[in-house]
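Visitor: Structure provided below as structure tokens; questions to follow.
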Amino acid sequence: MVLSLVLFTNCFAQKESKKDKKDKKTEMAKTVAPPTPQVAEEAPVTTEECLVNISLFNESAKNKQYADALAPWNAAYTACPGANKVIYSRGREIVQWELQQSKDDASYQKTFNKLMAMYDSRVKYFGNDPRYPSAWILGIKGLDYIQFAKSDELKKPAYAWLEQSIDGMGENVELDVLRQFMVVSNGLFKADATHAEKYIKDFIKVDVVLETISANTTLKSNAGAQQLKPALEQLFAQSGAADCNTLDNLYKDKVSESLTDKEALSNIIGLYKNVKCVESEVFFEAAVALHKIEPTESSAAGCAAMSYKKAEFSNAIKFYEEATKLAASNEDKADYQFTIAQIYYKELDNFVRAREFARNSLEFKPNNGKAYLLIGSMYAKSRSVFDDPVLAKTVYWVAVDKFQKAKQVDPSVAEDANSLIRTYSAYFPSKDDIFFQPQLKAGSSFTVGGWIGENTTCR
């Protein structure tokens, strides 16, 4: 029986070795920035007893019988740590189980130390593995440290390991390594404000990797990266680490040095948008430079914001129109069209064009309550469509219609809508006003003419 187990284990090891050779060429080609090659130490001699113990704990762990797996695993790990990778792949499960069985802090810490040392041993003997190199191992070590380390809120040791994993694995990094790296960096910044600059650099590093993964549809992590990216952007934006002045100090020179570097400019613009620093001069410079290289939604929006700040309203409208065409989502298209409507309303006093673009916004986003509020506000300011002072008051009916529609489609604007309804309802035609205007009988339909041209109900 011992001979059979030995032969089985030897076959397993040989098959795995062939697979490793097959994977090596492919996986190394995918790795963006491979870690410094590890020089594997000469492993202790693998005895028959070691091979038997490996087979025993491997079979037990497969069946989640960790109590049975623990003793033979300990024996194999101690006597022949370089015999087979399965010592570590199964060892992680076994030692994590052992941690959960700890009865006191002392035994827990001892087992935790063993778990961490196990990763060091794996780097020592299998750091050159093409599929799971030392960089990957350090990432998993960091994740386990975060999960199991007690009395360490900041998890700073894990922070260093996770970063080494990101640098080494590139687009092949585990997504959870990226996520936890940003979470830990965020915690370090909250504990120490001087970490702000490094935190910003950490975000840029992770964001670039996620962009790369999201663009590579052949990667299994592609869809997950697309979901993780906005979550980390929100975490970063809410951290308060990157105010506009900080970003400007960090990127002013870099923008000047990158006027023809499309990728660098895109990353900078994306970061400024996430932190809502789109009025920064540095952002404007980057946006204009990128727009010259390759017009995109971001560059068009940046140029529009810059033009608006300089009171160049016609240019701002032109760029927002371009941003609308280039935008991928209807949400963004609606925002750009509504911004144009606001420019026509606030800056150019052109109600007709303002309504046109507010309606365009509603085409892309039917529940945009702010667009209805804007239209209603313009109606309320348009009494001049009638010479008759009584008929002039009918504009308040169509105005209130829009305010009611706004809160109906968008509860988030209900408070503003109700306030406007209370204000302008007070200006409705009174009973005395309509005594000599039989066409304004309550409940009847009435068309408010002029540029408004809306039907309403008399009340």
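Ordering of the structure tokens sets the chain letters (A, B, ...); residue numbers start at 1 within each chain; ligands are numbered from 1 in the order shown.
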Just asking: which residues within region 310-421 of chain A are helix (DSSP H, G or I) according to DSSP, as JSON, numbers by chain?

Guide: {"A": [313, 314, 315, 316, 317, 318, 319, 320, 321, 322, 323, 324, 325, 326, 330, 331, 332, 333, 334, 335, 336, 337, 338, 339, 340, 341, 342, 343, 344, 345, 346, 347, 351, 352, 353, 354, 355, 356, 357, 358, 359, 360, 361, 362, 363, 364, 369, 370, 371, 372, 373, 374, 375, 376, 377, 378, 379, 380, 383, 384, 385, 389, 390, 391, 392, 395, 396, 397, 398, 399, 400, 401, 402, 403, 404, 405, 406, 407, 408, 409, 411, 412, 413, 414, 415, 416, 417, 418, 419, 420, 421]}

Visitor: Could you pull the residues within 12 Å of Lys62 (chain A), counting only C-alpha atoms, minus those fewer than 6 positions along the same chain, as a PDB file with N, CA and C atoms, in the first residue's frame?

Guide:
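Output below, filename around.pdb:
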ATOM      1  N   SER A  55       0.028  12.582   0.589  1.00  0.00           N
ATOM      2  CA  SER A  55      -1.163  11.941   0.042  1.00  0.00           C
ATOM      3  C   SER A  55      -2.292  11.899   1.071  1.00  0.00           C
ATOM      4  N   LEU A  56      -1.946  11.635   2.324  1.00  0.00           N
ATOM      5  CA  LEU A  56      -2.966  11.532   3.372  1.00  0.00           C
ATOM      6  C   LEU A  56      -3.648  12.875   3.635  1.00  0.00           C
ATOM      7  N   ASP A  68      -8.421  15.411  10.437  1.00  0.00           N
ATOM      8  CA  ASP A  68      -7.611  14.272  10.013  1.00  0.00           C
ATOM      9  C   ASP A  68      -6.390  14.721   9.208  1.00  0.00           C
ATOM     10  N   ALA A  69      -6.522  15.870   8.536  1.00  0.00           N
ATOM     11  CA  ALA A  69      -5.447  16.339   7.662  1.00  0.00           C
ATOM     12  C   ALA A  69      -4.320  17.012   8.437  1.00  0.00           C
ATOM     13  N   VAL A  86       1.275  21.377  -3.169  1.00  0.00           N
ATOM     14  CA  VAL A  86       0.030  21.055  -2.480  1.00  0.00           C
ATOM     15  C   VAL A  86       0.170  21.252  -0.966  1.00  0.00           C
ATOM     16  N   SER A  89      -1.038  24.908  -0.960  1.00  0.00           N
ATOM     17  CA  SER A  89      -2.403  25.163  -1.419  1.00  0.00           C
ATOM     18  C   SER A  89      -3.415  24.547  -0.457  1.00  0.00           C
ATOM     19  N   ARG A  90      -3.150  23.295  -0.014  1.00  0.00           N
ATOM     20  CA  ARG A  90      -4.027  22.673   0.985  1.00  0.00           C
ATOM     21  C   ARG A  90      -3.690  23.177   2.393  1.00  0.00           C
ATOM     22  N   GLY A  91      -2.440  23.528   2.587  1.00  0.00           N
ATOM     23  CA  GLY A  91      -2.023  23.999   3.906  1.00  0.00           C
ATOM     24  C   GLY A  91      -2.768  25.257   4.328  1.00  0.00           C
ATOM     25  N   GLU A  93      -5.879  26.036   3.722  1.00  0.00           N
ATOM     26  CA  GLU A  93      -7.176  25.619   4.259  1.00  0.00           C
ATOM     27  C   GLU A  93      -7.012  25.009   5.653  1.00  0.00           C
ATOM     28  N   ILE A  94      -6.019  24.163   5.774  1.00  0.00           N
ATOM     29  CA  ILE A  94      -5.835  23.419   7.023  1.00  0.00           C
ATOM     30  C   ILE A  94      -5.479  24.351   8.175  1.00  0.00           C
TER      31      ILE A  94
END

Visitor: List the spatial neighbours of Thr212 (chain A) as a list in words - criterion: any atom at most 12 Å away, only C-alpha atoms, same-chain residues fewer than 6 positions off excluded.

Guide: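 With the cut-off at 12 Å, the set is Lys30, Thr31, Val32, Gly170, Glu171, Asn172, Val173, Lys205, Val206, Thr218, Leu219, Ser221, Asn222, Ala223, Ala225, Gln226, Lys229, Glu263 and Asn267 of chain A.
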
Visitor: Please provide as a list in words all residues within 7 Å of Phe357 (chain A), with the sequence filter that same-chain residues fewer than 5 positions apart are discarded (counting only C-alpha atoms).

Guide: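 Contacts, with the query itself left out: Gln337, Phe338, Ile340 and Ala341 of chain A.
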
Visitor: For those residues, write N, CA and C atoms to a file as a CSV table (one decimal), in the first residue's frame.

Guide:
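The resulting result.csv:
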chain,number,residue,atom,x,y,z
A,337,GLN,N,-26.8,67.8,-21.6
A,337,GLN,CA,-27.9,68.5,-22.2
A,337,GLN,C,-28.6,69.5,-21.2
A,338,PHE,N,-28.7,69.0,-20.0
A,338,PHE,CA,-29.3,69.9,-19.0
A,338,PHE,C,-28.4,71.1,-18.6
A,340,ILE,N,-26.4,72.5,-20.8
A,340,ILE,CA,-26.6,73.5,-21.8
A,340,ILE,C,-27.9,74.3,-21.6
A,341,ALA,N,-28.9,73.6,-21.2
A,341,ALA,CA,-30.2,74.3,-20.9
A,341,ALA,C,-30.0,75.4,-19.8
